[in-house]
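J.: Got protein-v6.csv for you, CSV, C-alpha atoms:
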chain,number,residue,atom,x,y,z
A,1,MET,CA,30.6,4.6,9.9
A,2,SER,CA,32.1,1.1,10.3
A,3,LEU,CA,35.7,0.2,9.7
A,4,ASP,CA,37.6,-3.1,10.1
A,5,ILE,CA,40.4,-4.9,8.2
A,6,GLN,CA,38.0,-6.4,5.7
A,7,SER,CA,35.3,-3.7,5.2
A,8,LEU,CA,34.8,0.0,4.7
A,9,ASP,CA,31.2,1.0,5.4
A,10,ILE,CA,30.2,4.7,5.3
A,11,GLN,CA,26.7,5.9,4.9
A,12,CYS,CA,25.2,9.4,4.6
A,13,GLU,CA,28.4,11.3,5.2
A,14,GLU,CA,29.7,14.2,3.2
A,15,LEU,CA,33.4,13.4,3.0
A,16,SER,CA,35.9,16.3,3.3
A,17,ASP,CA,39.1,16.2,1.3
A,18,ALA,CA,41.1,15.3,4.4
A,19,ARG,CA,38.7,12.5,5.3
A,20,TRP,CA,38.8,11.2,1.7
A,21,ALA,CA,42.6,11.1,1.7
A,22,GLU,CA,42.4,9.1,4.9
A,23,LEU,CA,40.0,6.5,3.3
A,24,LEU,CA,41.9,6.0,0.1
A,25,PRO,CA,44.3,3.4,1.5
A,26,LEU,CA,41.4,1.4,2.8
A,27,LEU,CA,39.9,1.3,-0.7
A,28,GLN,CA,43.0,-0.4,-1.8
A,29,GLN,CA,42.7,-3.4,0.6
A,30,CYS,CA,39.1,-4.0,1.8
A,31,GLN,CA,37.0,-6.9,0.6
A,32,VAL,CA,33.8,-5.0,1.0
A,33,VAL,CA,33.5,-1.2,0.2
A,34,ARG,CA,30.2,0.6,0.9
A,35,LEU,CA,30.0,4.3,0.2
A,36,ASP,CA,26.3,4.9,0.5
A,37,ASP,CA,25.1,8.5,-0.1
A,38,CYS,CA,28.5,10.1,0.4
A,39,GLY,CA,28.2,12.8,-2.3
A,40,LEU,CA,30.9,11.2,-4.5
A,41,THR,CA,32.0,13.4,-7.4
A,42,GLU,CA,33.5,12.5,-10.8
A,43,ALA,CA,37.0,13.3,-9.4
A,44,ARG,CA,36.5,10.9,-6.6
A,45,CYS,CA,35.3,8.2,-9.0
A,46,LYS,CA,38.7,8.5,-10.6
A,47,ASP,CA,40.3,7.9,-7.2
A,48,ILE,CA,38.1,4.9,-6.6
A,49,SER,CA,39.1,3.5,-10.0
A,50,SER,CA,42.8,3.9,-9.2
A,51,ALA,CA,42.3,2.2,-5.8
A,52,LEU,CA,40.4,-0.7,-7.3
A,53,ARG,CA,43.1,-1.4,-9.8
A,54,VAL,CA,45.4,-2.4,-6.9
A,55,ASN,CA,42.9,-4.2,-4.8
A,56,PRO,CA,42.6,-7.9,-5.7
A,57,ALA,CA,40.7,-8.6,-2.5
A,58,LEU,CA,37.6,-6.6,-3.5
A,59,ALA,CA,34.5,-8.7,-3.6
A,60,GLU,CA,31.7,-6.2,-3.1
A,61,LEU,CA,31.3,-2.6,-4.1
A,62,ASN,CA,28.2,-0.6,-3.1
A,63,LEU,CA,28.0,3.0,-4.3
A,64,ARG,CA,24.2,3.5,-3.7
A,65,SER,CA,22.7,7.0,-3.8
A,66,ASN,CA,25.6,8.9,-5.3
A,67,GLU,CA,25.0,10.9,-8.4
A,68,LEU,CA,27.8,9.4,-10.3
A,69,GLY,CA,26.3,9.7,-13.7
A,70,ASP,CA,27.5,7.9,-16.8
A,71,VAL,CA,31.0,9.5,-16.7
A,72,GLY,CA,31.5,8.7,-13.0
A,73,VAL,CA,30.4,5.1,-13.2
A,74,HIS,CA,32.5,4.6,-16.4
A,75,CYS,CA,35.6,5.6,-14.3
A,76,VAL,CA,34.7,3.1,-11.6
A,77,LEU,CA,34.1,0.3,-14.1
A,78,GLN,CA,37.5,0.9,-15.7
A,79,GLY,CA,39.0,0.0,-12.3
A,80,LEU,CA,36.9,-3.1,-12.1
A,81,GLN,CA,38.2,-4.2,-15.5
A,82,THR,CA,41.6,-5.0,-14.1
A,83,PRO,CA,42.3,-8.7,-14.6
A,84,SER,CA,43.3,-9.2,-10.9
A,85,CYS,CA,39.9,-7.8,-9.8
A,86,LYS,CA,37.6,-10.6,-8.6
A,87,ILE,CA,34.5,-8.6,-7.8
A,88,GLN,CA,31.3,-10.6,-7.0
A,89,LYS,CA,28.7,-7.9,-6.1
A,90,LEU,CA,28.1,-4.5,-7.6
A,91,ARG,CA,25.4,-2.2,-6.3
A,92,LEU,CA,24.6,1.1,-8.2
A,93,GLU,CA,21.0,2.1,-7.2
A,94,TYR,CA,20.1,5.7,-7.5
A,95,CYS,CA,23.3,6.7,-9.3
A,96,SER,CA,21.8,8.7,-12.1
A,97,LEU,CA,22.8,6.2,-14.8
A,98,SER,CA,21.4,6.1,-18.3
A,99,ALA,CA,21.6,3.5,-21.1
A,100,ALA,CA,25.0,4.9,-21.9
A,101,SER,CA,26.5,3.2,-18.8
A,102,CYS,CA,25.2,-0.3,-19.8
A,103,GLU,CA,27.8,-1.2,-22.4
A,104,PRO,CA,30.8,-0.5,-20.1
A,105,LEU,CA,28.9,-2.4,-17.4
A,106,ALA,CA,28.2,-5.3,-19.8
A,107,SER,CA,32.0,-5.4,-20.6
A,108,VAL,CA,32.7,-5.9,-16.9
A,109,LEU,CA,30.1,-8.7,-16.7
A,110,ARG,CA,31.7,-10.5,-19.6
A,111,ALA,CA,35.1,-10.3,-18.0
A,112,LYS,CA,34.2,-11.5,-14.5
A,113,PRO,CA,33.5,-15.2,-14.0
A,114,ASP,CA,33.2,-14.7,-10.2
A,115,PHE,CA,30.4,-12.2,-10.5
A,116,LYS,CA,27.3,-13.0,-8.5
A,117,GLU,CA,25.0,-10.0,-7.9
A,118,LEU,CA,24.1,-6.9,-9.9
A,119,THR,CA,21.9,-4.1,-8.7
A,120,VAL,CA,21.1,-1.1,-10.9
A,121,SER,CA,17.6,-0.3,-9.6
A,122,ASN,CA,16.3,3.2,-9.8
A,123,ASN,CA,18.3,4.3,-12.8
A,124,ASP,CA,16.8,5.4,-16.1
A,125,ILE,CA,18.6,2.8,-18.3
A,126,ASN,CA,15.3,1.9,-20.0
A,127,GLU,CA,14.6,-0.7,-22.7
A,128,ALA,CA,17.8,-0.2,-24.7
A,129,GLY,CA,20.1,-0.3,-21.6
A,130,VAL,CA,18.4,-3.4,-20.1
A,131,ARG,CA,18.8,-5.2,-23.5
A,132,VAL,CA,22.6,-4.4,-23.4
A,133,LEU,CA,22.9,-5.7,-19.9
A,134,CYS,CA,21.1,-8.9,-20.7
A,135,GLN,CA,23.4,-9.5,-23.6
A,136,GLY,CA,26.4,-9.0,-21.3
A,137,LEU,CA,25.0,-11.4,-18.8
A,138,LYS,CA,24.2,-13.9,-21.6
A,139,ASP,CA,27.8,-13.7,-22.8
A,140,SER,CA,29.3,-13.9,-19.3
A,141,PRO,CA,30.5,-17.1,-17.8
A,142,CYS,CA,29.5,-15.8,-14.3
A,143,GLN,CA,27.2,-17.8,-12.0
A,144,LEU,CA,24.8,-14.9,-11.4
A,145,GLU,CA,22.7,-15.3,-8.2
A,146,ALA,CA,20.8,-11.9,-8.0
A,147,LEU,CA,19.7,-9.4,-10.6
A,148,LYS,CA,17.9,-6.3,-9.4
A,149,LEU,CA,16.4,-3.9,-12.0
A,150,GLU,CA,13.6,-2.2,-10.1
A,151,SER,CA,12.3,1.1,-11.5
A,152,CYS,CA,14.7,1.0,-14.5
A,153,GLY,CA,12.3,1.4,-17.4
A,154,VAL,CA,12.2,-2.3,-18.1
A,155,THR,CA,9.5,-3.0,-20.7
A,156,SER,CA,7.5,-6.0,-21.8
A,157,ASP,CA,9.8,-6.4,-24.8
A,158,ASN,CA,12.8,-6.8,-22.3
A,159,CYS,CA,11.0,-9.7,-20.8
A,160,ARG,CA,12.1,-11.9,-23.7
A,161,ASP,CA,15.7,-10.9,-23.0
A,162,LEU,CA,15.2,-11.6,-19.3
A,163,CYS,CA,13.6,-15.0,-20.1
A,164,GLY,CA,16.8,-16.0,-21.7
A,165,ILE,CA,18.8,-15.0,-18.6
A,166,VAL,CA,16.6,-16.9,-16.3
A,167,ALA,CA,16.7,-20.0,-18.4
A,168,SER,CA,20.5,-19.9,-19.0
A,169,LYS,CA,21.6,-19.0,-15.5
A,170,ALA,CA,20.8,-21.9,-13.3
A,171,SER,CA,22.5,-20.2,-10.4
A,172,LEU,CA,20.0,-17.3,-10.4
A,173,ARG,CA,18.1,-17.1,-7.1
A,174,GLU,CA,16.7,-13.6,-7.0
A,175,LEU,CA,15.1,-11.5,-9.7
A,176,ALA,CA,13.7,-8.0,-8.8
A,177,LEU,CA,11.7,-6.2,-11.4
A,178,GLY,CA,9.3,-4.1,-9.4
A,179,SER,CA,8.0,-0.8,-10.6
A,180,ASN,CA,8.4,-1.5,-14.3
A,181,LYS,CA,5.8,-1.6,-17.0
A,182,LEU,CA,5.9,-5.3,-17.7
A,183,GLY,CA,2.2,-5.9,-18.0
A,184,ASP,CA,0.5,-9.2,-18.8
A,185,VAL,CA,2.4,-9.4,-22.1
A,186,GLY,CA,5.7,-9.2,-20.2
A,187,MET,CA,4.7,-11.9,-17.8
A,188,ALA,CA,3.8,-14.2,-20.8
A,189,GLU,CA,7.3,-13.6,-22.2
A,190,LEU,CA,9.1,-14.1,-18.8
A,191,CYS,CA,7.3,-17.2,-17.6
A,192,PRO,CA,8.8,-19.7,-20.1
A,193,GLY,CA,12.2,-18.8,-18.6
A,194,LEU,CA,10.9,-19.3,-15.1
A,195,LEU,CA,9.5,-22.7,-16.2
A,196,HIS,CA,12.8,-23.8,-17.8
A,197,PRO,CA,14.0,-27.1,-16.2
A,198,SER,CA,17.3,-25.4,-15.1
A,199,SER,CA,15.6,-22.5,-13.4
A,200,ARG,CA,15.9,-22.5,-9.6
A,201,LEU,CA,14.7,-19.0,-8.8
A,202,ARG,CA,13.8,-18.5,-5.1
A,203,THR,CA,12.7,-14.8,-5.0
A,204,LEU,CA,10.7,-12.9,-7.5
A,205,TRP,CA,9.7,-9.2,-7.0
A,206,ILE,CA,7.3,-8.0,-9.5
A,207,TRP,CA,5.4,-5.3,-7.5
A,208,GLU,CA,3.7,-2.5,-9.4
A,209,CYS,CA,4.3,-4.0,-12.8
A,210,GLY,CA,0.8,-3.5,-14.4
A,211,ILE,CA,-0.1,-7.2,-14.0
A,212,THR,CA,-3.8,-8.3,-13.9
A,213,ALA,CA,-5.5,-11.6,-13.3
A,214,LYS,CA,-4.5,-12.7,-16.8
A,215,GLY,CA,-0.8,-12.3,-16.0
A,216,CYS,CA,-1.4,-13.9,-12.6
A,217,GLY,CA,-2.7,-17.0,-14.4
A,218,ASP,CA,0.6,-17.4,-16.3
A,219,LEU,CA,2.5,-16.9,-13.1
A,220,CYS,CA,0.5,-19.6,-11.4
A,221,ARG,CA,1.8,-22.1,-13.8
A,222,VAL,CA,5.3,-21.3,-12.5
A,223,LEU,CA,4.2,-21.6,-8.9
A,224,ARG,CA,2.7,-25.0,-9.5
A,225,ALA,CA,5.8,-26.3,-11.3
A,226,LYS,CA,8.6,-24.8,-9.2
A,227,GLU,CA,9.1,-25.9,-5.6
A,228,SER,CA,12.2,-23.7,-5.5
A,229,LEU,CA,10.2,-20.4,-5.6
A,230,LYS,CA,9.8,-19.3,-2.0
A,231,GLU,CA,9.2,-15.5,-2.0
A,232,LEU,CA,6.8,-13.6,-4.3
A,233,SER,CA,5.8,-9.9,-4.3
A,234,LEU,CA,2.8,-8.9,-6.5
A,235,ALA,CA,2.0,-5.8,-4.4
A,236,GLY,CA,0.5,-2.9,-6.3
A,237,ASN,CA,-0.9,-5.0,-9.2
A,238,GLU,CA,-4.6,-4.8,-10.1
A,239,LEU,CA,-5.1,-8.6,-9.6
A,240,GLY,CA,-8.7,-8.2,-8.2
A,241,ASP,CA,-10.6,-11.1,-6.6
A,242,GLU,CA,-10.2,-13.2,-9.7
A,243,GLY,CA,-6.4,-13.0,-9.4
A,244,ALA,CA,-6.7,-13.8,-5.7
A,245,ARG,CA,-8.8,-16.9,-6.5
A,246,LEU,CA,-6.1,-18.1,-9.0
A,247,LEU,CA,-3.3,-17.6,-6.5
A,248,CYS,CA,-5.2,-19.4,-3.7
A,249,GLU,CA,-6.1,-22.4,-5.9
A,250,THR,CA,-2.4,-22.6,-6.8
A,251,LEU,CA,-1.3,-22.3,-3.2
A,252,LEU,CA,-3.3,-25.5,-2.5
A,253,GLU,CA,-1.4,-27.4,-5.1
A,254,PRO,CA,1.3,-29.8,-3.8
A,255,GLY,CA,3.9,-28.4,-6.2
A,256,CYS,CA,3.6,-24.9,-4.8
A,257,GLN,CA,5.9,-24.4,-1.7
A,258,LEU,CA,5.8,-20.6,-1.5
A,259,GLU,CA,6.7,-19.3,2.0
A,260,SER,CA,6.2,-15.5,1.6
A,261,LEU,CA,3.5,-13.8,-0.5
A,262,TRP,CA,3.1,-10.0,-0.7
A,263,VAL,CA,-0.2,-8.9,-2.2
A,264,LYS,CA,-0.6,-5.5,-0.7
A,265,SER,CA,-2.8,-3.0,-2.7
A,266,CYS,CA,-4.0,-5.6,-5.2
A,267,SER,CA,-7.7,-4.5,-5.3
A,268,PHE,CA,-9.0,-7.5,-3.2
A,269,THR,CA,-12.3,-7.4,-1.4
A,270,ALA,CA,-14.0,-9.6,1.2
A,271,ALA,CA,-15.2,-11.8,-1.6
A,272,CYS,CA,-11.7,-13.4,-2.0
A,273,CYS,CA,-11.2,-14.1,1.7
A,274,SER,CA,-12.8,-17.5,1.7
A,275,HIS,CA,-10.1,-18.6,-0.7
A,276,PHE,CA,-7.3,-17.2,1.5
A,277,SER,CA,-9.0,-18.8,4.5
A,278,SER,CA,-8.6,-22.2,2.8
A,279,VAL,CA,-5.0,-21.5,2.2
A,280,LEU,CA,-4.3,-20.5,5.8
A,281,ALA,CA,-6.0,-23.7,7.0
A,282,GLN,CA,-4.5,-26.2,4.6
A,283,ASN,CA,-1.2,-24.9,3.2
A,284,ARG,CA,1.9,-26.1,5.1
A,285,PHE,CA,4.5,-23.8,3.6
A,286,LEU,CA,3.2,-20.3,3.6
A,287,LEU,CA,4.7,-18.4,6.6
A,288,GLU,CA,4.1,-14.7,5.6
A,289,LEU,CA,1.1,-13.0,4.1
A,290,GLN,CA,1.2,-9.3,3.4
A,291,ILE,CA,-2.4,-8.4,2.3
A,292,SER,CA,-2.6,-4.8,3.6
A,293,ASN,CA,-4.4,-2.0,1.8
A,294,ASN,CA,-7.1,-4.2,0.4
A,295,ARG,CA,-10.8,-3.6,1.3
A,296,LEU,CA,-11.3,-6.9,3.2
A,297,GLU,CA,-13.5,-5.2,5.8
A,298,ASP,CA,-14.8,-7.1,8.9
A,299,ALA,CA,-16.5,-9.8,6.9
A,300,GLY,CA,-13.2,-10.7,5.1
A,301,VAL,CA,-11.1,-10.7,8.3
A,302,ARG,CA,-13.6,-13.0,10.0
A,303,GLU,CA,-13.1,-15.4,7.0
A,304,LEU,CA,-9.4,-15.2,7.5
A,305,CYS,CA,-9.7,-16.0,11.2
A,306,GLN,CA,-11.6,-19.2,10.4
A,307,GLY,CA,-8.6,-20.4,8.5
A,308,LEU,CA,-6.1,-19.2,11.0
A,309,GLY,CA,-8.0,-20.9,13.8
A,310,GLN,CA,-7.6,-24.4,12.2
A,311,PRO,CA,-5.1,-26.8,13.9
A,312,GLY,CA,-2.9,-27.1,10.9
A,313,SER,CA,-2.3,-23.4,10.2
A,314,VAL,CA,1.4,-22.6,10.0
A,315,LEU,CA,1.4,-18.8,9.2
A,316,ARG,CA,3.8,-16.8,11.3
A,317,VAL,CA,3.3,-13.2,10.0
A,318,LEU,CA,0.1,-11.5,8.9
A,319,TRP,CA,-0.1,-7.9,7.7
A,320,LEU,CA,-3.7,-6.5,7.7
A,321,ALA,CA,-2.9,-2.8,7.8
A,322,ASP,CA,-5.4,-0.4,6.1
A,323,CYS,CA,-8.0,-3.1,5.4
A,324,ASP,CA,-11.1,-1.3,6.6
A,325,VAL,CA,-11.2,-3.4,9.8
A,326,SER,CA,-13.2,-2.1,12.8
A,327,ASP,CA,-13.8,-3.2,16.4
A,328,SER,CA,-16.4,-5.7,15.1
A,329,SER,CA,-13.6,-8.0,13.9
A,330,CYS,CA,-11.7,-8.0,17.2
A,331,SER,CA,-13.7,-10.7,18.9
A,332,SER,CA,-12.8,-13.1,16.0
A,333,LEU,CA,-9.1,-11.9,16.0
A,334,ALA,CA,-8.9,-12.3,19.8
A,335,ALA,CA,-10.3,-15.9,19.6
A,336,THR,CA,-7.9,-16.7,16.8
A,337,LEU,CA,-4.9,-15.5,18.8
A,338,LEU,CA,-5.7,-18.1,21.4
A,339,ALA,CA,-6.5,-20.9,19.0
A,340,ASN,CA,-3.5,-20.3,16.7
A,341,HIS,CA,-0.1,-21.5,17.8
A,342,SER,CA,2.0,-20.4,14.8
A,343,LEU,CA,1.3,-16.7,14.4
A,344,ARG,CA,4.1,-14.5,15.8
A,345,GLU,CA,3.4,-11.1,14.2
A,346,LEU,CA,0.1,-9.3,13.5
A,347,ASP,CA,-0.1,-5.9,11.9
A,348,LEU,CA,-3.4,-4.1,12.2
A,349,SER,CA,-2.1,-0.5,11.5
A,350,ASN,CA,-4.3,2.2,10.1
A,351,ASN,CA,-7.6,0.5,10.8
A,352,CYS,CA,-10.7,1.9,12.6
A,353,LEU,CA,-10.0,0.3,15.9
A,354,GLY,CA,-10.8,1.9,19.3
A,355,ASP,CA,-10.5,1.0,23.0
A,356,ALA,CA,-13.3,-1.6,22.8
A,357,GLY,CA,-11.6,-3.6,20.1
A,358,ILE,CA,-8.0,-3.3,21.4
A,359,LEU,CA,-9.2,-4.4,24.8
A,360,GLN,CA,-10.4,-7.7,23.3
A,361,LEU,CA,-7.0,-8.2,21.7
A,362,VAL,CA,-5.2,-7.3,24.9
A,363,GLU,CA,-7.2,-9.8,26.9
A,364,SER,CA,-6.1,-12.6,24.5
A,365,VAL,CA,-2.5,-11.6,24.0
A,366,ARG,CA,-1.9,-11.4,27.8
A,367,GLN,CA,-2.8,-15.1,28.1
A,368,PRO,CA,0.2,-17.6,28.5
A,369,GLY,CA,-1.3,-19.6,25.6
A,370,CYS,CA,-1.0,-16.8,23.1
A,371,LEU,CA,2.4,-17.0,21.4
A,372,LEU,CA,2.2,-13.7,19.5
A,373,GLU,CA,5.5,-11.8,19.8
A,374,GLN,CA,4.7,-8.5,17.9
A,375,LEU,CA,1.5,-6.6,17.6
A,376,VAL,CA,1.8,-3.6,15.3
A,377,LEU,CA,-0.8,-0.8,15.7
A,378,TYR,CA,0.5,2.3,13.9
A,379,ASP,CA,-1.9,5.1,13.2
A,380,ILE,CA,-4.5,3.9,15.7
A,381,TYR,CA,-5.8,6.1,18.5
A,382,TRP,CA,-6.8,5.1,21.9
A,383,SER,CA,-7.3,6.6,25.4
A,384,GLU,CA,-4.7,7.2,28.1
A,385,GLU,CA,-6.2,4.3,30.0
A,386,MET,CA,-5.7,2.0,27.1
A,387,GLU,CA,-2.1,3.3,26.7
A,388,ASP,CA,-1.5,2.3,30.4
A,389,ARG,CA,-2.9,-1.2,29.7
A,390,LEU,CA,-0.6,-1.7,26.7
A,391,GLN,CA,2.4,-0.6,28.7
A,392,ALA,CA,1.5,-2.9,31.5
A,393,LEU,CA,1.0,-5.7,29.0
A,394,GLU,CA,4.5,-5.4,27.7
A,395,LYS,CA,5.9,-5.2,31.2
A,396,ASP,CA,4.0,-8.4,32.3
A,397,LYS,CA,4.9,-10.2,29.1
A,398,PRO,CA,8.5,-9.5,28.0
A,399,SER,CA,8.2,-11.7,25.0
A,400,LEU,CA,5.7,-9.3,23.4
A,401,ARG,CA,6.3,-6.0,21.7
A,402,VAL,CA,3.5,-3.6,20.9
A,403,ILE,CA,4.6,-1.2,18.2
A,404,SER,CA,2.7,2.0,17.7
Show me the file's structure as structure tokens.
T.:
Amino acid sequence: MSLDIQSLDIQCEELSDARWAELLPLLQQCQVVRLDDCGLTEARCKDISSALRVNPALAELNLRSNELGDVGVHCVLQGLQTPSCKIQKLRLEYCSLSAASCEPLASVLRAKPDFKELTVSNNDINEAGVRVLCQGLKDSPCQLEALKLESCGVTSDNCRDLCGIVASKASLRELALGSNKLGDVGMAELCPGLLHPSSRLRTLWIWECGITAKGCGDLCRVLRAKESLKELSLAGNELGDEGARLLCETLLEPGCQLESLWVKSCSFTAACCSHFSSVLAQNRFLLELQISNNRLEDAGVRELCQGLGQPGSVLRVLWLADCDVSDSSCSSLAATLLANHSLRELDLSNNCLGDAGILQLVESVRQPGCLLEQLVLYDIYWSEEMEDRLQALEKDKPSLRVIS
């Protein structure tokens, strides 16, 4: 628990009646209130509502992981409706909400011009609820900056509603829609909003959304046109090597200035790695590549090393966990760690590496010319002798952390 004059931050604590009575005065004055996984009941939602009515300082309310239900959250929202309330951020993940909560929530959005961030991820509000929220945002004068609707039952039909939000809210910087059944049809509906001249989106999370190479093609139009887009997660979509090719060709376009790309579990194989190698060698903006859980194998990793070894490579973080990599790749990786001067973190977790391969990595990492700061080796097994070597390496090179 953290308490100061401006914030109340309590996580994972079952609050006794006495403790709750102690906290109520703070609810009436803090700018930031976070009650995360505190077992809040309907009765306590009424207390929160009453406290919020007399707290004009409140800017952020986080009630994550409390089973408030529609009745409980409705109580809280009544408190937020107070004209003096200037709330900017509301986070209601994992609160057991349904579509019934969305109209009261939309009413709050319409009434709050200072509102900036809404998170309702992991609630079953489904298509009808999302549509109501979008209408509330459309009607609201707020300058929304972040909208997070992951695992909410968003559908491809909702993407038309979301398209309007993205196009009309020039202030929007983050849109999180992961784990929803958007599909390629949904992407086709959403992309015109992303392409709107006023759109300045920076972060787009569309992991596990049923997108294939076809939807990836629509998204690539956005990447080419929008220098503002910096972070993209497509993890868990069946893009395949064709989708990888489309992405890589786009990453070589001057209009694409993406800095972080997550394509974990996208059904890539070694066949796409020559394309990624070109990106690593030529792209001057991409700093993070999460490509774990794809069957790249040794041949694919060797291709990636060729790109990373080029003088112009700027990548700082590379995740290659669970990519069917063996000791055979380690000579290429070891050489790359010495040739590359930008890479700071490398994750090789859950690959078939043994003492022989790890030793090659250790010999490179221990060199003063290797600038790697973090080597991640979860779920890899080595001998006691190698364990001693790794511990000695960290002792001799304090700038390096080996995480296992």
J.: Please provide the set of residues having any atom within 10 Å of A:Gly193, restricted to only C-alpha atoms, with same-chain residues fewer than 6 positions apart removed, written as JSON, numbers by chain.
T.: {"A": [159, 160, 161, 162, 163, 164, 165, 166, 167, 168, 169, 199, 222]}
J.: Which of these, A:Asn123, A:Cys95, A:Ser328, A:Leu201, has the shortest distance to A:Glu145 once you count all atoms listed in the file?
T.: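 Closest to A:Glu145, using all atoms listed in the file: A:Leu201.
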J.: Considering all atoms listed in the file, can you say which of A:Asn126, A:Ser278, A:Gln290, A:Ser156 comes closest to A:Ser260?
T.: A:Gln290
J.: Between atom CA of A:Gly186 and atom CA of A:Ile206, measure the distance and give it in Å to one decimal.
T.: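 Atom CA of A:Ile206 lies at a distance of 10.9 Å from atom CA of A:Gly186.
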J.: Please provide as a ChimeraX atom specification all residues within 12 Å of A:Pro56, with the sequence filter that same-chain residues fewer than 4 positions apart are discarded (counting all atoms listed in the file).
T.: /A:27-32,51-52,60,79-88
J.: Can you list, as a PDB file with C-alpha atoms, in the coordinates of the input, every protein, DNA or RNA residue that comes within 12 Å of A:Cys75 when you count all atoms listed in the file, leaving out same-chain residues fewer than 4 positions away?
T.:
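Listed below is the output, part.pdb:
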ATOM      1  CA  THR A  41      32.000  13.400  -7.400  1.00  0.00           C
ATOM      2  CA  GLU A  42      33.500  12.500 -10.800  1.00  0.00           C
ATOM      3  CA  ALA A  43      37.000  13.300  -9.400  1.00  0.00           C
ATOM      4  CA  ARG A  44      36.500  10.900  -6.600  1.00  0.00           C
ATOM      5  CA  CYS A  45      35.300   8.200  -9.000  1.00  0.00           C
ATOM      6  CA  LYS A  46      38.700   8.500 -10.600  1.00  0.00           C
ATOM      7  CA  ASP A  47      40.300   7.900  -7.200  1.00  0.00           C
ATOM      8  CA  ILE A  48      38.100   4.900  -6.600  1.00  0.00           C
ATOM      9  CA  SER A  49      39.100   3.500 -10.000  1.00  0.00           C
ATOM     10  CA  SER A  50      42.800   3.900  -9.200  1.00  0.00           C
ATOM     11  CA  ALA A  51      42.300   2.200  -5.800  1.00  0.00           C
ATOM     12  CA  LEU A  52      40.400  -0.700  -7.300  1.00  0.00           C
ATOM     13  CA  ARG A  53      43.100  -1.400  -9.800  1.00  0.00           C
ATOM     14  CA  LEU A  68      27.800   9.400 -10.300  1.00  0.00           C
ATOM     15  CA  GLY A  69      26.300   9.700 -13.700  1.00  0.00           C
ATOM     16  CA  ASP A  70      27.500   7.900 -16.800  1.00  0.00           C
ATOM     17  CA  VAL A  71      31.000   9.500 -16.700  1.00  0.00           C
ATOM     18  CA  GLY A  79      39.000   0.000 -12.300  1.00  0.00           C
ATOM     19  CA  LEU A  80      36.900  -3.100 -12.100  1.00  0.00           C
ATOM     20  CA  GLN A  81      38.200  -4.200 -15.500  1.00  0.00           C
ATOM     21  CA  SER A 101      26.500   3.200 -18.800  1.00  0.00           C
ATOM     22  CA  PRO A 104      30.800  -0.500 -20.100  1.00  0.00           C
ATOM     23  CA  LEU A 105      28.900  -2.400 -17.400  1.00  0.00           C
TER      24      LEU A 105
END
J.: Using all atoms listed in the file, which residue out of A:Val154, A:Ala225, A:Ala59, A:Gly215 lies closest to A:Gly243?
T.: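 Among the listed residues, A:Gly215 lies closest to A:Gly243.
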J.: Could you tell me how far atom CA of A:Ile211 lies from atom CA of A:Leu90, in Å and to one decimal?
T.: 29.0 Å
J.: With all atoms listed in the file as the basis for distance, which of A:Leu63, A:Leu195, A:Ala176, A:Ala339 is at the shortest distance from A:Gly309?
T.: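 Closest candidate: A:Ala339.
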J.: How many Å lie between atom CA of A:Leu247 and atom CA of A:Val185, rounded to one decimal?
T.: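 Atom CA of A:Val185 lies at a distance of 18.5 Å from atom CA of A:Leu247.
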